[in-house]
$ cat final.cif   # mmCIF, C-alpha atoms
data_entry
loop_
_atom_site.group_PDB
_atom_site.id
_atom_site.type_symbol
_atom_site.label_atom_id
_atom_site.label_comp_id
_atom_site.auth_asym_id
_atom_site.auth_seq_id
_atom_site.Cartn_x
_atom_site.Cartn_y
_atom_site.Cartn_z
ATOM 1 C CA VAL C 1 -96.763 -76.860 -28.796
ATOM 2 C CA ALA C 2 -100.131 -75.091 -28.313
ATOM 3 C CA ALA C 3 -102.521 -72.736 -30.051
ATOM 4 C CA ILE C 4 -104.382 -70.363 -27.760
ATOM 5 C CA GLU C 5 -107.722 -68.716 -28.510
ATOM 6 C CA VAL C 6 -109.712 -66.424 -26.256
ATOM 7 C CA LYS C 7 -113.339 -66.199 -27.294
ATOM 8 C CA SER C 8 -116.808 -65.910 -25.789
ATOM 9 C CA ASN C 9 -115.436 -65.577 -22.257
ATOM 10 C CA ILE C 10 -113.469 -68.804 -22.470
ATOM 11 C CA VAL C 11 -109.871 -69.742 -23.238
ATOM 12 C CA VAL C 12 -109.260 -72.684 -25.560
ATOM 13 C CA ILE C 13 -105.769 -74.140 -25.624
ATOM 14 C CA ARG C 14 -105.237 -76.731 -28.346
ATOM 15 C CA ALA C 15 -102.339 -79.143 -28.031
ATOM 16 C CA LEU C 16 -100.520 -79.297 -31.364
ATOM 17 C CA VAL C 17 -98.433 -82.391 -30.587
ATOM 18 C CA GLU C 18 -99.297 -86.082 -30.611
ATOM 19 C CA SER C 19 -97.148 -87.010 -27.643
ATOM 20 C CA PHE C 20 -96.394 -85.184 -24.422
ATOM 21 C CA ASP C 21 -92.747 -86.018 -23.933
ATOM 22 C CA GLU C 22 -90.820 -84.213 -21.184
ATOM 23 C CA ASP C 23 -89.988 -81.153 -23.293
ATOM 24 C CA ASN C 24 -93.463 -80.833 -24.835
ATOM 25 C CA VAL C 25 -95.290 -81.176 -21.530
ATOM 26 C CA ARG C 26 -93.077 -78.561 -19.863
ATOM 27 C CA ARG C 27 -93.678 -76.059 -22.679
ATOM 28 C CA PHE C 28 -97.414 -76.848 -22.796
ATOM 29 C CA GLN C 29 -97.700 -76.378 -19.033
ATOM 30 C CA GLY C 30 -95.963 -72.994 -19.319
ATOM 31 C CA GLU C 31 -98.260 -71.879 -22.120
ATOM 32 C CA VAL C 32 -101.345 -72.932 -20.126
ATOM 33 C CA ARG C 33 -100.140 -71.006 -17.070
ATOM 34 C CA THR C 34 -99.407 -67.898 -19.133
ATOM 35 C CA ALA C 35 -102.800 -67.989 -20.878
ATOM 36 C CA SER C 36 -104.722 -68.608 -17.656
ATOM 37 C CA SER C 37 -102.889 -65.790 -15.845
ATOM 38 C CA ALA C 38 -103.596 -63.385 -18.696
ATOM 39 C CA ASN C 39 -107.285 -64.357 -18.575
ATOM 40 C CA ALA C 40 -107.795 -64.810 -14.833
ATOM 41 C CA GLY C 41 -111.246 -66.042 -13.922
ATOM 42 C CA LEU C 42 -112.120 -67.328 -17.384
ATOM 43 C CA PRO C 43 -112.676 -71.061 -17.794
ATOM 44 C CA VAL C 44 -109.878 -72.820 -19.675
ATOM 45 C CA VAL C 45 -110.469 -75.731 -22.041
ATOM 46 C CA LEU C 46 -107.500 -77.924 -22.937
ATOM 47 C CA ASP C 47 -108.243 -79.487 -26.318
ATOM 48 C CA LEU C 48 -106.179 -82.667 -26.304
ATOM 49 C CA ALA C 49 -107.705 -84.215 -29.447
ATOM 50 C CA LYS C 50 -104.318 -84.545 -31.196
ATOM 51 C CA VAL C 51 -102.596 -86.174 -28.229
ATOM 52 C CA ASN C 52 -102.429 -89.956 -28.562
ATOM 53 C CA PHE C 53 -99.791 -90.696 -25.910
ATOM 54 C CA MET C 54 -99.416 -89.383 -22.363
ATOM 55 C CA PRO C 55 -96.608 -90.753 -20.230
ATOM 56 C CA SER C 56 -96.908 -90.562 -16.453
ATOM 57 C CA MET C 57 -94.928 -87.315 -16.240
ATOM 58 C CA SER C 58 -97.533 -85.576 -18.415
ATOM 59 C CA LEU C 59 -100.306 -86.870 -16.167
ATOM 60 C CA ALA C 60 -98.410 -85.475 -13.174
ATOM 61 C CA ALA C 61 -98.117 -82.107 -14.942
ATOM 62 C CA LEU C 62 -101.872 -82.047 -15.582
ATOM 63 C CA ILE C 63 -102.521 -82.901 -11.934
ATOM 64 C CA ARG C 64 -100.345 -79.950 -10.881
ATOM 65 C CA LEU C 65 -102.239 -77.683 -13.280
ATOM 66 C CA THR C 66 -105.651 -78.729 -12.005
ATOM 67 C CA THR C 67 -104.491 -78.167 -8.425
ATOM 68 C CA GLU C 68 -103.292 -74.667 -9.351
ATOM 69 C CA PHE C 69 -106.560 -73.917 -11.141
ATOM 70 C CA ARG C 70 -108.628 -75.041 -8.170
ATOM 71 C CA GLY C 71 -106.490 -72.911 -5.879
ATOM 72 C CA SER C 72 -107.190 -69.843 -8.006
ATOM 73 C CA LYS C 73 -110.872 -70.789 -8.445
ATOM 74 C CA GLN C 74 -110.460 -71.019 -12.224
ATOM 75 C CA ARG C 75 -112.219 -73.801 -14.121
ATOM 76 C CA LEU C 76 -110.142 -76.264 -16.149
ATOM 77 C CA VAL C 77 -111.822 -78.638 -18.598
ATOM 78 C CA LEU C 78 -110.108 -81.351 -20.635
ATOM 79 C CA ALA C 79 -111.687 -82.029 -24.024
ATOM 80 C CA GLY C 80 -111.296 -84.399 -26.953
ATOM 81 C CA LEU C 81 -109.311 -87.161 -25.287
ATOM 82 C CA GLN C 82 -108.363 -89.961 -27.680
ATOM 83 C CA PRO C 83 -109.810 -93.335 -26.564
ATOM 84 C CA GLN C 84 -106.424 -94.693 -25.471
ATOM 85 C CA VAL C 85 -105.679 -91.528 -23.474
ATOM 86 C CA ARG C 86 -109.129 -91.483 -21.901
ATOM 87 C CA GLU C 87 -108.646 -95.119 -20.892
ATOM 88 C CA VAL C 88 -105.520 -94.133 -18.942
ATOM 89 C CA PHE C 89 -107.558 -91.504 -17.078
ATOM 90 C CA VAL C 90 -110.250 -94.086 -16.275
ATOM 91 C CA LEU C 91 -107.826 -96.832 -15.202
ATOM 92 C CA THR C 92 -105.937 -94.450 -12.914
ATOM 93 C CA ARG C 93 -109.215 -92.921 -11.702
ATOM 94 C CA LEU C 94 -107.997 -89.496 -12.774
ATOM 95 C CA ASP C 95 -111.313 -89.105 -14.571
ATOM 96 C CA ARG C 96 -112.676 -88.352 -11.071
ATOM 97 C CA LEU C 97 -110.162 -85.550 -10.535
ATOM 98 C CA PHE C 98 -110.553 -83.809 -13.889
ATOM 99 C CA GLU C 99 -113.573 -82.365 -15.614
ATOM 100 C CA ILE C 100 -113.542 -84.171 -18.976
ATOM 101 C CA GLN C 101 -115.794 -83.442 -21.950
ATOM 102 C CA ASP C 102 -116.011 -85.319 -25.263
ATOM 103 C CA ASP C 103 -114.992 -82.311 -27.362
ATOM 104 C CA VAL C 104 -114.633 -78.522 -27.281
ATOM 105 C CA ALA C 105 -118.303 -77.977 -28.155
ATOM 106 C CA ALA C 106 -119.342 -80.121 -25.167
ATOM 107 C CA ALA C 107 -116.915 -78.153 -22.975
ATOM 108 C CA PHE C 108 -118.531 -74.897 -24.135
ATOM 109 C CA ARG C 109 -121.948 -76.283 -23.200
ATOM 110 C CA ALA C 110 -120.622 -77.459 -19.818
ATOM 111 C CA VAL C 111 -119.468 -73.946 -18.921
ATOM 112 C CA GLY C 112 -122.722 -72.406 -20.126
ATOM 113 C CA LEU C 113 -121.664 -71.229 -23.591
ATOM 114 C CA THR C 114 -123.177 -72.414 -26.853
#
$ encode --input "final.cif" --output "structure tokens"
Amino acid sequence: VAAIEVKSNIVVIRALVESFDEDNVRRFQGEVRTASSANAGLPVVLDLAKVNFMPSMSLAALIRLTTEFRGSKQRLVLAGLQPQVREVFVLTRLDRLFEIQDDVAAAFRAVGLT
């Protein structure tokens, strides 16, 4: 469901699925938690460029993740949202809750890496 890379003091987790159905989102959430725990303190970028559909349960899972990250003072950045997915974040005003960057390169710049 995800590919995980640790490089340049940042963790990049790339979603490898187009849709976050119940099973995919649960596995993705587990992989994000495992990677962030193993790299405590490092910023985590979720590359969602392949994801073109996010049902409400996947949004709820992302909200839980961002709450956990804030609680542990670890930065979480969403990157590469497809236009239709980004629109859902804007319409629900979740774009105010999440740090969202256009792509992974922009996320690197946002956390001070080039």
$ resolve_selection --input "final.cif" --expression "the PyMOL selection byres ((chain C and resi 35) around 9)" --output "number ranges by chain"
C: 4, 6, 11, 13, 30-34, 36-40, 44
$ resolve_selection --input "final.cif" --expression "the PyMOL selection byres ((chain C and resi 94) around 12)" --output "PDB file with C-alpha atoms, in the frame of the given file"
ATOM      1  CA  SER C  56     -96.908 -90.562 -16.453  1.00  0.00           C
ATOM      2  CA  LEU C  59    -100.306 -86.870 -16.167  1.00  0.00           C
ATOM      3  CA  ALA C  60     -98.410 -85.475 -13.174  1.00  0.00           C
ATOM      4  CA  LEU C  62    -101.872 -82.047 -15.582  1.00  0.00           C
ATOM      5  CA  ILE C  63    -102.521 -82.901 -11.934  1.00  0.00           C
ATOM      6  CA  THR C  66    -105.651 -78.729 -12.005  1.00  0.00           C
ATOM      7  CA  LEU C  78    -110.108 -81.351 -20.635  1.00  0.00           C
ATOM      8  CA  VAL C  85    -105.679 -91.528 -23.474  1.00  0.00           C
ATOM      9  CA  ARG C  86    -109.129 -91.483 -21.901  1.00  0.00           C
ATOM     10  CA  GLU C  87    -108.646 -95.119 -20.892  1.00  0.00           C
ATOM     11  CA  VAL C  88    -105.520 -94.133 -18.942  1.00  0.00           C
ATOM     12  CA  PHE C  89    -107.558 -91.504 -17.078  1.00  0.00           C
ATOM     13  CA  VAL C  90    -110.250 -94.086 -16.275  1.00  0.00           C
ATOM     14  CA  LEU C  91    -107.826 -96.832 -15.202  1.00  0.00           C
ATOM     15  CA  THR C  92    -105.937 -94.450 -12.914  1.00  0.00           C
ATOM     16  CA  ARG C  93    -109.215 -92.921 -11.702  1.00  0.00           C
ATOM     17  CA  ASP C  95    -111.313 -89.105 -14.571  1.00  0.00           C
ATOM     18  CA  ARG C  96    -112.676 -88.352 -11.071  1.00  0.00           C
ATOM     19  CA  LEU C  97    -110.162 -85.550 -10.535  1.00  0.00           C
ATOM     20  CA  PHE C  98    -110.553 -83.809 -13.889  1.00  0.00           C
ATOM     21  CA  GLU C  99    -113.573 -82.365 -15.614  1.00  0.00           C
ATOM     22  CA  ILE C 100    -113.542 -84.171 -18.976  1.00  0.00           C
TER      23      ILE C 100
END
$ closest_residue --input "final.cif" --among "C:Ala2, C:Asn9, C:Arg70, C:Val77" --to "Lys50 of chain C" --atoms "all atoms listed in the file"
C:Ala2
$ closest_residue --input "final.cif" --among "C:Ser8, C:Gln82, C:Ser72, C:Thr67" --to "Asp102 of chain C" --atoms "all atoms listed in the file"
C:Gln82
$ atom_distance --input "final.cif" --atom1 "atom CA of Arg109 of chain C" --atom2 "atom CA of Gly71 of chain C"
23.5 Å
$ closest_residue --input "final.cif" --among "C:Val1, C:Ala105, C:Leu48, C:Leu65" --to "Asn24 of chain C" --atoms "only C-alpha atoms"
C:Val1
$ residues_around --input "final.cif" --residues "Val104 of chain C" --least-positions-apart "5" --cutoff "8 Å" --atoms "only C-alpha atoms" --output "number ranges by chain"
C: 45, 47, 79-80
$ closest_residue --input "final.cif" --among "C:Leu46, C:Ala15, C:Val111, C:Ala61" --to "Gln29 of chain C" --atoms "all atoms listed in the file"
C:Ala61
$ atom_distance --input "final.cif" --atom1 "atom CA of Phe28 of chain C" --atom2 "atom CA of Ala110 of chain C"
23.4 Å
$ atom_distance --input "final.cif" --atom1 "atom CA of Asn52 of chain C" --atom2 "atom CA of Ala107 of chain C"
19.5 Å
$ closest_residue --input "final.cif" --among "C:Leu76, C:Val51, C:Leu42, C:Leu113" --to "Val17 of chain C" --atoms "all atoms listed in the file"
C:Val51
$ axis_aligned_box --input "final.cif" --around "segment 108-114 of chain C" --padding-each-side "6 Å" --output "JSON"
{"center_x": -120.9, "center_y": -74.3, "center_z": -22.9, "size_x": 16.6, "size_y": 18.2, "size_z": 19.9}
$ closest_residue --input "final.cif" --among "C:Gly112, C:Gly41, C:Arg64, C:Arg14" --to "Leu81 of chain C" --atoms "all atoms listed in the file"
C:Arg14
$ decode --input "final.cif" --residues "segment 79-100 of chain C" --atoms "N, CA, C and O atoms" --output "CSV table (one decimal), in the first residue's frame"
chain,number,residue,atom,x,y,z
C,79,ALA,N,1.4,15.8,0.3
C,79,ALA,CA,2.0,16.4,-0.9
C,79,ALA,C,1.3,15.7,-2.1
C,79,ALA,O,0.9,14.5,-2.0
C,80,GLY,N,1.2,16.4,-3.2
C,80,GLY,CA,0.8,15.8,-4.5
C,80,GLY,C,-0.6,15.5,-4.6
C,80,GLY,O,-1.0,14.5,-5.4
C,81,LEU,N,-1.5,16.2,-3.9
C,81,LEU,CA,-2.9,15.9,-4.0
C,81,LEU,C,-3.5,16.1,-5.4
C,81,LEU,O,-3.2,17.1,-6.0
C,82,GLN,N,-4.2,15.1,-5.9
C,82,GLN,CA,-4.9,15.2,-7.2
C,82,GLN,C,-5.9,16.3,-7.1
C,82,GLN,O,-6.4,16.6,-6.0
C,83,PRO,N,-6.2,17.1,-8.2
C,83,PRO,CA,-7.2,18.2,-8.1
C,83,PRO,C,-8.5,17.8,-7.4
C,83,PRO,O,-9.0,18.6,-6.6
C,84,GLN,N,-9.0,16.6,-7.7
C,84,GLN,CA,-10.3,16.3,-7.2
C,84,GLN,C,-10.2,15.9,-5.7
C,84,GLN,O,-11.1,16.2,-4.9
C,85,VAL,N,-9.1,15.4,-5.3
C,85,VAL,CA,-8.8,15.2,-3.8
C,85,VAL,C,-8.6,16.5,-3.1
C,85,VAL,O,-9.2,16.7,-2.0
C,86,ARG,N,-7.8,17.4,-3.7
C,86,ARG,CA,-7.6,18.7,-3.1
C,86,ARG,C,-8.9,19.4,-2.9
C,86,ARG,O,-9.1,20.1,-1.9
C,87,GLU,N,-9.7,19.3,-3.9
C,87,GLU,CA,-11.0,20.0,-3.8
C,87,GLU,C,-11.8,19.6,-2.6
C,87,GLU,O,-12.5,20.4,-1.9
C,88,VAL,N,-11.8,18.3,-2.3
C,88,VAL,CA,-12.5,17.8,-1.1
C,88,VAL,C,-11.9,18.4,0.2
C,88,VAL,O,-12.6,18.8,1.1
C,89,PHE,N,-10.6,18.5,0.2
C,89,PHE,CA,-9.9,19.2,1.4
C,89,PHE,C,-10.4,20.6,1.5
C,89,PHE,O,-10.6,21.1,2.6
C,90,VAL,N,-10.5,21.3,0.4
C,90,VAL,CA,-10.9,22.7,0.4
C,90,VAL,C,-12.4,22.9,0.8
C,90,VAL,O,-12.7,23.7,1.7
C,91,LEU,N,-13.2,22.1,0.2
C,91,LEU,CA,-14.7,22.2,0.5
C,91,LEU,C,-15.0,21.8,1.9
C,91,LEU,O,-15.9,22.4,2.5
C,92,THR,N,-14.2,20.9,2.5
C,92,THR,CA,-14.5,20.5,3.9
C,92,THR,C,-13.6,21.4,4.9
C,92,THR,O,-13.7,21.1,6.1
C,93,ARG,N,-12.9,22.3,4.3
C,93,ARG,CA,-12.0,23.2,5.1
C,93,ARG,C,-10.9,22.4,5.8
C,93,ARG,O,-10.2,22.9,6.7
C,94,LEU,N,-10.6,21.2,5.4
C,94,LEU,CA,-9.5,20.4,6.0
C,94,LEU,C,-8.2,20.9,5.5
C,94,LEU,O,-7.1,20.6,6.1
C,95,ASP,N,-8.2,21.7,4.5
C,95,ASP,CA,-6.9,22.4,4.0
C,95,ASP,C,-6.4,23.3,5.1
C,95,ASP,O,-5.2,23.6,5.1
C,96,ARG,N,-7.2,23.7,6.1
C,96,ARG,CA,-6.8,24.5,7.2
C,96,ARG,C,-6.2,23.7,8.3
C,96,ARG,O,-5.4,24.2,9.1
C,97,LEU,N,-6.5,22.4,8.3
C,97,LEU,CA,-6.0,21.6,9.4
C,97,LEU,C,-4.7,20.9,9.0
C,97,LEU,O,-3.8,20.8,9.8
C,98,PHE,N,-4.5,20.6,7.7
C,98,PHE,CA,-3.3,19.9,7.2
C,98,PHE,C,-2.4,20.9,6.6
C,98,PHE,O,-2.8,21.9,6.0
C,99,GLU,N,-1.1,20.6,6.7
C,99,GLU,CA,-0.1,21.3,5.9
C,99,GLU,C,0.0,20.5,4.5
C,99,GLU,O,0.3,19.3,4.5
C,100,ILE,N,-0.3,21.3,3.4
C,100,ILE,CA,-0.4,20.7,2.1
C,100,ILE,C,0.5,21.4,1.2
C,100,ILE,O,0.5,22.6,1.1
